Amino acid sequence: MNFLGHEYLSGFRRIDRLGSYPATPWVDKDSFSLKDAFLWNRQKGSRVSTINDWLQIQIGGSEDVKKKRQKGQNRIKSTKYTLITFLPQNLLEQFRRIANFYFLVMTIISLLIDSPVSPMTSLLPLVFVIAVTAAKQGYEDILRFRTDNVVNSSPVTIIKDGKEAIIKSQDVAPGDLVVVERDCDVPCDLVLLRSTDPHGKCFITTANLDGESNLKTLMVPRDLPTVDLEEMHKLGMIECESATTDLYSFNGKIELKNSEGRVLPLTAENVLLRGSRVKNTECVIGCAVYTGMVTKLQLNSRLTRNKNATSETYINRFLIVILVALIAIVTLLYFLKRYNELFVIPKLTYLGDATDSYSVKQFLQDYLSFLILFNYLIPISLYVTIELQRVIGSLFMEWDLELYENETDQPCVVNTSNLNEELGQINILFSDKTGTLTKNEMNFQQCSIAGKKFLFKKTRLEDEETNALLDINKFNSDQRVFFQALCICHTIQVASSSLDDIESSKKDSLKSKTTNPTEMYPISDITEESNNSSQQSELNVTHAIENSVSAHPNGNHSTSTSSDVNPLLVSTDGYSVERRKRPVVIKRSPNFARRVNAGGDAPANQGEGNGQNIRPISLQFQRSTSERDLPQFEESHNGPALGHRRAHSYGAPNAYLTSPIATADPPVNSILFRSPSTASRESYAAPTFTRQPTMLMRAESQRRKKEIHDFIFTLDYQASSPDEKALVEACANLGMVYTGDDDEILRVRIVPPHMDYKRPFSSAKLKEETFQRLHVLEFTSDRKRMSVIVRDTDGKKWIYTKGAESYVFPLCANSSADRISKTDVHISDFARQGLRTLAIARRLVTEEEYQDFLTELAQANSSLENRKQLSEECYAKIECNLDLLGATAVEDALQDDVADTLVSLQAAGIKIWVLTGDKVETALNIALSCGHIPADAKKYFIIDCKNREEMLLHLNALDREILFGMGQECALLIDGKSLGVALAEAGAEFRDVAVKCTAVLCCRLSPLQKSEVVSLIKSSNENYNTASIGDGANDVSMIQEAHVGIGIMGREGRQAARCADFAFAKFCMLKRLLLVHGHYHSVRLSLLVLYFFYKNIVFMGIMFLFQFHTLFSSSSVYDSLFLTLYNVIYTSLPILFIGISEKPYTEETLMRTPQLYKKNTDNKQLHWPYFLMWILFAVYHSVIIFYFAFCLFSYNNVILNVGQTAAFSCFGTLLIWTVVIVVNLKLWLESMYLSFWYIFTIVISILGFIITTVIYNVINLDYDTDIYWAYNNLLASLPTWLWILLTCVACLVPDYTIRMLQRALNIKEFSIFPGKQRKLKMRANFESSYL
């Protein structure tokens, strides 16, 4: 797979050793211009220069060898803080909260004035809250940093000075020559300069970019000269536009250095974007152009921003109300104090003479003293309790076994715990399609051939009319031609060996068994290259694993170390190369098959430094698809030839499976058997099958099905479309096996149904058809079809066309009219079943037509303007007068339980928008089959809308359909072009109409458009709560833009999961996440918030009433200890426990009844009626507690057992004691889910008050108020206990009575605002009628 002389793919010989770079680029020139000097000077300071917003990048990097290489240019960053900015930025964010800022001000004031209470009562809770919150947010940012570091530290191979070097991904700089191997991710945006493919192609998948896992083809720039690697840095200069968000466009050029100013154009087909993965191409070299945060992938990702729950809006509103009430109370008490000082105190002669003067200082002292006294109306501990509740709640989600995926050992991941309650507030869900709703796995189901419908039955077809089963021997000419068209009208690559290689490998295997019996290897003795090992290599680049146990093909065990040398760096002049030592692994390779050496053992350290080169260096640089392409040079060596090694792999999936295989000989141990995998980088030529002694009695048997299935797996089809792969695999099941192409010669083998796939393919009955592929007319979103022009063995030229029926039918000849009408009916039947359909047609092309086509195509390709349009016009001239063959119907497999999930979410009142990059037809089929769009819903299409006027016409028509549809459901389908017009010119109008639809399907969207749609909905005055779910990097911007981002850890990478707030393995888990966890967290947070305001109002309400009996002296009825510990110990534990365990309904009930989700949406339980109800109870409880105690002490305060009167310290202690008991019992009454642990927390909180007060009152501190021995006297007093019992009953009887009446009479909660019920009922009637 390599470029420099390694083993079998080197075509680049070294001519001389690379010397030093010239000092200036014009040293070798006879003359130079001022422009040359200017440009060189611009490039001297940086490897990238900018002129008129165009980048100039020197291929191979800057030629200034003295300049130190800059690091970190390719670093990605998703963290919010750095070590320097963490403290100031975090403090700034925290003090934006009203409560934190308020307590900061109160602490400063208490330090400046003669405070009535200790300043520590404000300072200690503030420091505790700030520290806990900062620790939580810092830890979450550390996790993001570690995730970024895994990516930034991934090993990347570059070519520097003609030598291979491995650096970290973050250190790749523009101009570097980056080597990307098969199944490896592209580390930055590269211009493709070299490929191992003989035609200069590079096959990639872009699942992380556009969500499609299909193969896409890129090309080396046309006419790019082929030079040695050590001369590549002298190719010239790349000029390109600055990076943009458009994934599908690239404008640039290469100015060749030694070709007299020759310029080669660069387009999007020459660029590998970050996030794509190389497939079916052994190795490519590209020049880095865009790196780090300016790659197209990162530009399509929004910057990390702070997401705040909508519940904080309600909390801030409540805080503002309490703050206004606080100011009003303080102002009222101040004026009452001044009134007493002026008119009451002078009459009380025993208080002395009143002061005549009143200064500003005295005003501040009096006013601020009241402010300090009542600052506990603002519950500062509310925030820290919410943070703890969220963190513990997130752990519960991660521990939920229903959100755990056994197959991948993947639990739910919570990246942002402060959005837990938002899961219960979702109004609109934005979802990706490919990989999220579907598995992107296609299965051939039905077909229409010559006007007849057939069902696919694995190895045969079933006629729908007669139910007759047809195998390939019974096919008529129409059926043969139809499946022949499917076998050759595609661009599929065969990743593994061809059938000839399969046969030869079988023969070699049989021969080795007869000459040298195979030794059994225990599995533990084989080192596997798995996904885990590849990931470990990413984390620790420099780690070298030595002395691994190797299993040699000749059956001997030997301990050896293999040097995994990249084929880029094997020299002909014998210079040494730094080798990375890796364990010897048994791999499968399509390019090199291991041969068993009949004699002798291999030396112990064959591959490491013994000077033996097991492969010649002179092999040409080409793409090899089978061992037939390689000289069997290993026969001339004593040691066995080792398979090809890769330097490293970036997250390649598990490629090997192991299972014991029974043999005829008695086994010593279990044989290691490698079962083929379509997801692997390399695969064996074929599994080693043994000849069965008996023939199959039935063609259709389970054994044959498995044989065919395994055989197709060995071919490992790699397609640019999953539909193509499904069609070709269906043909192989029927007996028409596409075995690959050899220099555009397509080979199709006809395997009769009685043929055993296990026997060698040398039977006389075997037939092979060959076709020479002349041209491929590629599929585009405008053409909606693809065609191939082939020449058969008779020399006839044919054009085969496959595409959407709406585009293929008009191209058919009039003679096919009857067949078109029948096929169209069948296609409609297929579509109703949710199947994806394609029409198939062909015709004979005359030599004259073909020559005209070649001439026009050459002219179109040479045109610099309108090249695409001219090419499509040329295609249209030859794609005409076609003969319709039939149509195919393919099923796109849905994710598990996706239909049930979508229907349940819609029943829960969540509107679902699917945003996908797929075409409208495909997306519509999936939306119908998965239940996103109801079958009986009206479908309104907005396609190819070009301006605002057209868009408004569509929207007005849709609005009328909704209003006059008599409640019928309506679905909107819009393409990317029309959506672009809507977003730019009619955003508000589109939003207001679209949200009325039952379902919305947006197709052909770019990643940035997805985020713009989410942003548009968020801008609505209705304050919709949005969630986005996706599994690819193309969904990251959408996920980060929504209020709640949800990622699926699927087969398209983990970037979406890393950037999401919540992540799990399957889409069906979303139902439980929202309906169960979302519901619970919303209820729990509402209870927590309301209870905090309640208990603090009870606490401070008594202080307010106390002032009326102290001449408004701003003295405290509580000791400072009680002020400090009230929110920390006395009342914090029970609300925290019920805040993480409250369950108003069982999990099964919530899953079974999704309508319950609506009870909490829009934060209904945080609306004003609930808040005011809690406030009224708080006022009532404070009045009862204070005046019961006041009456007790006023009429007869001889309540102590010793017969003495109670002191003032006993009065304050008795009040706080009763408050602690009442507020904890009130929480008990409000809780729905009672457990022994919860009751224990209530008891322990009350005991905590008793214990701390007992300890405090036996120590004579005389710090704030003197309560020495006061509480002990109360504990010993029987009247005190009776009074507490009476007070608690008086406080809680109304609460208990109201709750019991609601349950007994089934009284639903109602609003206390006049007219509110009528408005809500009118709105509900309107929504049920029209929305």
# chains A, B, ... in the order shown; residues from 1 in each chain; ligands from 1
>>> select_by_dssp(residues="region 772-939 of chain A", states="alpha helix (DSSP H)", output="number ranges by chain")
A: 805-808, 817-832, 847-862, 867-878, 898-907, 920-929
>>> write_last_selection(atoms="C-alpha atoms", output="tab-separated table (two decimals), in the first residue's frame")
chain	number	residue	atom	x	y	z
A	805	GLU	CA	-39.01	6.51	-11.92
A	806	SER	CA	-40.12	10.11	-12.38
A	807	TYR	CA	-36.87	10.77	-14.23
A	808	VAL	CA	-36.41	7.45	-16.03
A	817	ALA	CA	-45.73	2.78	-22.84
A	818	ASP	CA	-47.71	-0.30	-21.85
A	819	ARG	CA	-44.87	-1.59	-19.67
A	820	ILE	CA	-44.50	1.85	-18.06
A	821	SER	CA	-48.14	1.94	-16.99
A	822	LYS	CA	-47.93	-1.51	-15.40
A	823	THR	CA	-44.62	-0.78	-13.71
A	824	ASP	CA	-45.92	2.53	-12.39
A	825	VAL	CA	-48.75	0.71	-10.62
A	826	HIS	CA	-46.27	-1.67	-9.05
A	827	ILE	CA	-44.04	1.21	-7.94
A	828	SER	CA	-47.01	2.85	-6.25
A	829	ASP	CA	-47.65	-0.40	-4.39
A	830	PHE	CA	-44.00	-0.53	-3.35
A	831	ALA	CA	-44.08	3.07	-2.11
A	832	ARG	CA	-47.17	2.40	0.00
A	847	GLU	CA	-21.25	3.30	-33.04
A	848	GLU	CA	-22.14	6.64	-34.60
A	849	GLU	CA	-24.05	7.73	-31.51
A	850	TYR	CA	-21.20	6.67	-29.31
A	851	GLN	CA	-18.61	8.63	-31.29
A	852	ASP	CA	-20.80	11.73	-31.21
A	853	PHE	CA	-21.15	11.27	-27.47
A	854	LEU	CA	-17.38	11.04	-27.02
A	855	THR	CA	-16.82	14.21	-29.04
A	856	GLU	CA	-19.41	16.24	-27.16
A	857	LEU	CA	-18.24	14.95	-23.78
A	858	ALA	CA	-14.64	15.90	-24.55
A	859	GLN	CA	-15.76	19.39	-25.50
A	860	ALA	CA	-17.78	19.72	-22.32
A	861	ASN	CA	-14.89	18.58	-20.12
A	862	SER	CA	-12.50	21.02	-21.76
A	867	ARG	CA	-18.86	22.46	-17.53
A	868	LYS	CA	-21.50	20.76	-15.41
A	869	GLN	CA	-24.38	21.99	-17.54
A	870	LEU	CA	-22.70	20.98	-20.80
A	871	SER	CA	-21.89	17.53	-19.42
A	872	GLU	CA	-25.48	16.95	-18.33
A	873	GLU	CA	-26.75	18.05	-21.75
A	874	CYS	CA	-24.38	15.53	-23.32
A	875	TYR	CA	-25.65	12.81	-20.98
A	876	ALA	CA	-29.27	13.64	-21.80
A	877	LYS	CA	-28.68	13.12	-25.53
A	878	ILE	CA	-27.58	9.53	-25.09
A	898	VAL	CA	-38.35	3.40	16.05
A	899	ALA	CA	-42.02	3.47	15.04
A	900	ASP	CA	-43.21	2.90	18.60
A	901	THR	CA	-40.85	5.60	19.84
A	902	LEU	CA	-42.02	8.20	17.34
A	903	VAL	CA	-45.70	7.45	17.86
A	904	SER	CA	-45.28	7.63	21.64
A	905	LEU	CA	-43.45	10.94	21.45
A	906	GLN	CA	-46.14	12.38	19.21
A	907	ALA	CA	-48.78	11.18	21.68
A	920	VAL	CA	-37.02	13.94	-0.77
A	921	GLU	CA	-38.22	10.60	-2.18
A	922	THR	CA	-35.99	8.54	0.10
A	923	ALA	CA	-36.76	10.57	3.19
A	924	LEU	CA	-40.51	10.44	2.51
A	925	ASN	CA	-40.49	6.64	2.26
A	926	ILE	CA	-38.67	6.35	5.57
A	927	ALA	CA	-40.92	8.92	7.23
A	928	LEU	CA	-43.99	6.94	6.20
A	929	SER	CA	-42.60	3.57	7.22
>>> closest_atom_pairs(of="region 282-312 of chain A", to="region 247-255 of chain A", cutoff="12 Å", atoms="only C-alpha atoms", output="Markdown table")
| residue | atom | partner | partner_atom | distance |
| --- | --- | --- | --- | --- |
| A:Cys287 | CA | A:Ile254 | CA | 11.1 |
| A:Val289 | CA | A:Gly252 | CA | 10.5 |
| A:Tyr290 | CA | A:Phe250 | CA | 11.5 |
| A:Thr295 | CA | A:Leu247 | CA | 9.9 |
| A:Lys296 | CA | A:Leu247 | CA | 6.4 |
| A:Leu297 | CA | A:Leu247 | CA | 7.9 |
| A:Gln298 | CA | A:Leu247 | CA | 10.9 |
| A:Leu299 | CA | A:Leu247 | CA | 9.8 |
| A:Asn300 | CA | A:Leu247 | CA | 8.7 |
>>> atom_distance(atom1="CA of Thr739 (chain A)", atom2="CA of Cys489 (chain A)")
13.8 Å
>>> closest_residue(among="A:Val890, A:Phe128, A:Ala1027, A:Val178", to="Ile158 (chain A)", atoms="only C-alpha atoms")
A:Val178
>>> select_by_dssp(residues="region 368-481 of chain A", states="strand (DSSP E or B)", output="PyMOL selection string")
chain A and resi 405+410+413-414+428-431+434+438-449+452-457+460-463+469-470
>>> write_last_selection(atoms="N, CA, C and O atoms", output="CSV table (one decimal), in the first residue's frame")
chain,number,residue,atom,x,y,z
A,405,GLU,N,-26.7,-0.6,26.5
A,405,GLU,CA,-26.6,-1.5,25.3
A,405,GLU,C,-25.7,-2.6,25.6
A,405,GLU,O,-24.4,-2.4,25.7
A,410,GLN,N,-22.3,-0.2,26.2
A,410,GLN,CA,-22.4,1.3,26.2
A,410,GLN,C,-23.5,1.8,27.0
A,410,GLN,O,-24.7,1.6,26.7
A,413,VAL,N,-24.7,8.3,28.6
A,413,VAL,CA,-23.7,9.3,29.0
A,413,VAL,C,-24.3,10.6,29.1
A,413,VAL,O,-25.1,11.1,28.2
A,414,VAL,N,-24.1,11.3,30.3
A,414,VAL,CA,-24.6,12.6,30.5
A,414,VAL,C,-23.4,13.6,30.5
A,414,VAL,O,-22.6,13.5,31.4
A,428,ILE,N,-40.6,20.4,20.6
A,428,ILE,CA,-40.3,20.0,19.2
A,428,ILE,C,-38.9,19.3,19.2
A,428,ILE,O,-38.0,19.7,19.8
A,429,LEU,N,-38.9,18.1,18.6
A,429,LEU,CA,-37.7,17.3,18.4
A,429,LEU,C,-37.3,17.3,17.0
A,429,LEU,O,-38.0,17.0,16.1
A,430,PHE,N,-36.0,17.7,16.8
A,430,PHE,CA,-35.3,17.6,15.5
A,430,PHE,C,-34.5,16.4,15.5
A,430,PHE,O,-33.6,16.2,16.3
A,431,SER,N,-34.7,15.6,14.4
A,431,SER,CA,-34.0,14.3,14.3
A,431,SER,C,-33.3,14.2,13.0
A,431,SER,O,-33.9,14.6,11.9
A,434,THR,N,-30.6,9.3,8.6
A,434,THR,CA,-29.7,8.2,8.4
A,434,THR,C,-28.9,7.9,9.6
A,434,THR,O,-28.2,8.7,10.2
A,438,THR,N,-32.9,5.2,10.9
A,438,THR,CA,-32.7,4.0,10.1
A,438,THR,C,-31.3,3.4,10.4
A,438,THR,O,-30.4,4.1,10.9
A,439,LYS,N,-31.1,2.2,10.1
A,439,LYS,CA,-29.8,1.5,10.2
A,439,LYS,C,-28.9,1.7,9.0
A,439,LYS,O,-27.7,1.4,9.0
A,440,ASN,N,-29.5,2.3,8.0
A,440,ASN,CA,-28.8,2.5,6.7
A,440,ASN,C,-28.3,1.1,6.1
A,440,ASN,O,-27.3,1.0,5.5
A,441,GLU,N,-29.2,0.1,6.4
A,441,GLU,CA,-29.0,-1.3,5.8
A,441,GLU,C,-30.1,-1.6,4.9
A,441,GLU,O,-31.3,-1.6,5.3
A,442,MET,N,-29.8,-1.8,3.6
A,442,MET,CA,-30.9,-2.0,2.6
A,442,MET,C,-31.0,-3.5,2.4
A,442,MET,O,-30.1,-4.3,2.3
A,443,ASN,N,-32.3,-3.9,2.2
A,443,ASN,CA,-32.6,-5.3,1.9
A,443,ASN,C,-33.6,-5.3,0.6
A,443,ASN,O,-34.6,-4.7,0.7
A,444,PHE,N,-33.2,-6.1,-0.4
A,444,PHE,CA,-34.0,-6.2,-1.6
A,444,PHE,C,-35.2,-7.0,-1.2
A,444,PHE,O,-35.1,-8.1,-0.7
A,445,GLN,N,-36.4,-6.5,-1.6
A,445,GLN,CA,-37.6,-7.1,-1.2
A,445,GLN,C,-38.5,-7.6,-2.4
A,445,GLN,O,-38.9,-8.8,-2.5
A,446,GLN,N,-38.7,-6.7,-3.4
A,446,GLN,CA,-39.6,-7.1,-4.5
A,446,GLN,C,-39.0,-6.4,-5.8
A,446,GLN,O,-38.1,-5.6,-5.7
A,447,CYS,N,-39.6,-6.8,-6.9
A,447,CYS,CA,-39.2,-6.2,-8.1
A,447,CYS,C,-40.4,-6.3,-9.1
A,447,CYS,O,-41.3,-7.2,-9.0
A,448,SER,N,-40.3,-5.5,-10.2
A,448,SER,CA,-41.3,-5.6,-11.3
A,448,SER,C,-40.5,-5.8,-12.5
A,448,SER,O,-39.6,-4.9,-12.9
A,449,ILE,N,-40.8,-6.9,-13.2
A,449,ILE,CA,-40.0,-7.2,-14.5
A,449,ILE,C,-41.0,-7.4,-15.6
A,449,ILE,O,-41.9,-8.2,-15.5
A,452,LYS,N,-44.6,-7.6,-14.6
A,452,LYS,CA,-45.0,-8.6,-13.6
A,452,LYS,C,-44.3,-8.4,-12.3
A,452,LYS,O,-43.1,-8.0,-12.3
A,453,LYS,N,-45.0,-8.6,-11.2
A,453,LYS,CA,-44.4,-8.3,-9.9
A,453,LYS,C,-43.9,-9.7,-9.3
A,453,LYS,O,-44.6,-10.7,-9.4
A,454,PHE,N,-42.7,-9.6,-8.7
A,454,PHE,CA,-42.1,-10.8,-8.1
A,454,PHE,C,-41.6,-10.4,-6.7
A,454,PHE,O,-41.2,-9.3,-6.4
A,455,LEU,N,-41.7,-11.4,-5.9
A,455,LEU,CA,-41.1,-11.3,-4.5
A,455,LEU,C,-39.8,-12.0,-4.4
A,455,LEU,O,-39.6,-13.1,-5.0
A,456,PHE,N,-38.9,-11.4,-3.7
A,456,PHE,CA,-37.5,-12.0,-3.6
A,456,PHE,C,-37.5,-13.0,-2.5
A,456,PHE,O,-37.8,-12.6,-1.3
A,457,LYS,N,-37.1,-14.2,-2.8
A,457,LYS,CA,-37.0,-15.3,-1.8
A,457,LYS,C,-35.6,-15.8,-1.7
A,457,LYS,O,-35.4,-17.0,-1.8
A,460,ARG,N,-34.5,-17.5,-5.0
A,460,ARG,CA,-35.4,-17.6,-6.1
A,460,ARG,C,-36.4,-16.4,-6.0
A,460,ARG,O,-36.4,-15.7,-5.1
A,461,LEU,N,-37.1,-16.3,-7.1
A,461,LEU,CA,-38.2,-15.3,-7.2
A,461,LEU,C,-39.5,-16.0,-7.2
A,461,LEU,O,-39.7,-17.1,-7.7
A,462,GLU,N,-40.5,-15.3,-6.5
A,462,GLU,CA,-41.8,-15.9,-6.5
A,462,GLU,C,-42.8,-15.0,-7.3
A,462,GLU,O,-42.9,-13.8,-7.0
A,463,ASP,N,-43.4,-15.5,-8.3
A,463,ASP,CA,-44.4,-14.8,-9.1
A,463,ASP,C,-45.6,-14.5,-8.2
A,463,ASP,O,-46.2,-15.4,-7.6
A,469,LEU,N,-42.2,-20.5,-8.0
A,469,LEU,CA,-40.8,-20.2,-7.6
A,469,LEU,C,-39.9,-20.4,-8.8
A,469,LEU,O,-39.9,-21.4,-9.5
A,470,LEU,N,-39.1,-19.4,-9.1
A,470,LEU,CA,-38.2,-19.4,-10.3
A,470,LEU,C,-36.8,-19.3,-9.8
A,470,LEU,O,-36.5,-18.4,-9.1
>>> closest_atom_pairs(of="region 275-338 of chain A", to="region 708-726 of chain A", cutoff="12 Å", atoms="only C-alpha atoms", output="CSV")
residue,atom,partner,partner_atom,distance
A:Val278,CA,A:Gln718,CA,11.9
A:Lys279,CA,A:Gln718,CA,8.4
A:Asn280,CA,A:Gln718,CA,7.6
A:Thr281,CA,A:Gln718,CA,11.2
>>> write_last_selection(atoms="C-alpha atoms", output="CSV table (one decimal), in the first residue's frame")
chain,number,residue,atom,x,y,z
A,278,VAL,CA,-10.6,6.4,3.4
A,279,LYS,CA,-12.1,3.1,2.1
A,280,ASN,CA,-11.0,0.6,-0.5
A,281,THR,CA,-7.8,2.6,-1.2
>>> residues_around(residues="Ala1270 (chain A)", least_positions_apart="2", cutoff="8 Å", atoms="only C-alpha atoms", output="ChimeraX atom specification")
/A:1207,1209-1210,1213,1257,1267-1268,1272-1274
>>> write_last_selection(atoms="all heavy atoms", output="mmCIF file, in the first residue's frame")
data_model
loop_
_atom_site.group_PDB
_atom_site.id
_atom_site.type_symbol
_atom_site.label_atom_id
_atom_site.label_comp_id
_atom_site.auth_asym_id
_atom_site.auth_seq_id
_atom_site.Cartn_x
_atom_site.Cartn_y
_atom_site.Cartn_z
ATOM 1 N N ALA A 1207 -36.649 32.412 79.497
ATOM 2 C CA ALA A 1207 -35.919 33.589 79.027
ATOM 3 C C ALA A 1207 -36.206 33.833 77.552
ATOM 4 O O ALA A 1207 -36.800 33.011 76.848
ATOM 5 C CB ALA A 1207 -34.434 33.393 79.274
ATOM 6 N N SER A 1209 -34.076 33.824 75.184
ATOM 7 C CA SER A 1209 -33.364 32.834 74.364
ATOM 8 C C SER A 1209 -34.201 31.583 74.170
ATOM 9 O O SER A 1209 -34.113 30.918 73.135
ATOM 10 C CB SER A 1209 -32.028 32.493 75.007
ATOM 11 O OG SER A 1209 -32.227 32.018 76.337
ATOM 12 N N CYS A 1210 -35.036 31.251 75.159
ATOM 13 C CA CYS A 1210 -35.921 30.095 75.000
ATOM 14 C C CYS A 1210 -36.993 30.362 73.949
ATOM 15 O O CYS A 1210 -37.392 29.447 73.218
ATOM 16 C CB CYS A 1210 -36.589 29.770 76.339
ATOM 17 S SG CYS A 1210 -35.472 29.156 77.610
ATOM 18 N N THR A 1213 -35.357 29.920 70.491
ATOM 19 C CA THR A 1213 -35.011 28.510 70.273
ATOM 20 C C THR A 1213 -36.263 27.675 70.026
ATOM 21 O O THR A 1213 -36.269 26.768 69.182
ATOM 22 C CB THR A 1213 -34.245 27.978 71.487
ATOM 23 O OG1 THR A 1213 -33.110 28.805 71.743
ATOM 24 C CG2 THR A 1213 -33.793 26.553 71.247
ATOM 25 N N ASN A 1257 -25.655 24.804 73.101
ATOM 26 C CA ASN A 1257 -26.165 25.534 74.262
ATOM 27 C C ASN A 1257 -25.511 25.135 75.580
ATOM 28 O O ASN A 1257 -25.748 25.775 76.597
ATOM 29 C CB ASN A 1257 -27.685 25.407 74.342
ATOM 30 C CG ASN A 1257 -28.165 24.254 75.195
ATOM 31 O OD1 ASN A 1257 -29.017 24.410 76.049
ATOM 32 N ND2 ASN A 1257 -27.646 23.045 74.945
ATOM 33 N N ILE A 1267 -27.756 31.674 74.715
ATOM 34 C CA ILE A 1267 -28.757 30.599 74.861
ATOM 35 C C ILE A 1267 -28.209 29.497 75.759
ATOM 36 O O ILE A 1267 -28.605 28.341 75.660
ATOM 37 C CB ILE A 1267 -29.159 30.016 73.486
ATOM 38 C CG1 ILE A 1267 -27.971 29.275 72.835
ATOM 39 C CG2 ILE A 1267 -29.714 31.075 72.567
ATOM 40 C CD1 ILE A 1267 -28.397 28.431 71.652
ATOM 41 N N TYR A 1268 -27.287 29.874 76.633
ATOM 42 C CA TYR A 1268 -26.660 28.879 77.501
ATOM 43 C C TYR A 1268 -27.716 28.128 78.297
ATOM 44 O O TYR A 1268 -28.499 28.723 79.036
ATOM 45 C CB TYR A 1268 -25.656 29.554 78.433
ATOM 46 C CG TYR A 1268 -24.930 28.596 79.344
ATOM 47 C CD1 TYR A 1268 -23.993 27.701 78.835
ATOM 48 C CD2 TYR A 1268 -25.201 28.578 80.719
ATOM 49 C CE1 TYR A 1268 -23.334 26.819 79.656
ATOM 50 C CE2 TYR A 1268 -24.548 27.691 81.549
ATOM 51 C CZ TYR A 1268 -23.616 26.805 81.009
ATOM 52 O OH TYR A 1268 -22.974 25.917 81.838
ATOM 53 N N ASN A 1272 -31.747 22.969 76.717
ATOM 54 C CA ASN A 1272 -31.872 21.828 77.626
ATOM 55 C C ASN A 1272 -33.095 21.987 78.520
ATOM 56 O O ASN A 1272 -33.790 21.009 78.834
ATOM 57 C CB ASN A 1272 -30.612 21.700 78.482
ATOM 58 C CG ASN A 1272 -29.423 21.221 77.654
ATOM 59 O OD1 ASN A 1272 -29.577 20.912 76.483
ATOM 60 N ND2 ASN A 1272 -28.249 21.169 78.275
ATOM 61 N N ASN A 1273 -33.372 23.207 78.935
ATOM 62 C CA ASN A 1273 -34.551 23.447 79.758
ATOM 63 C C ASN A 1273 -35.835 23.181 78.969
ATOM 64 O O ASN A 1273 -36.816 22.652 79.516
ATOM 65 C CB ASN A 1273 -34.553 24.895 80.264
ATOM 66 C CG ASN A 1273 -33.442 25.136 81.262
ATOM 67 O OD1 ASN A 1273 -33.009 24.215 81.979
ATOM 68 N ND2 ASN A 1273 -32.972 26.372 81.337
ATOM 69 N N LEU A 1274 -35.829 23.558 77.671
ATOM 70 C CA LEU A 1274 -37.011 23.297 76.854
ATOM 71 C C LEU A 1274 -37.229 21.812 76.639
ATOM 72 O O LEU A 1274 -38.364 21.312 76.627
ATOM 73 C CB LEU A 1274 -36.889 24.007 75.501
ATOM 74 C CG LEU A 1274 -36.935 25.536 75.532
ATOM 75 C CD1 LEU A 1274 -36.697 26.098 74.139
ATOM 76 C CD2 LEU A 1274 -38.285 26.014 76.070
#
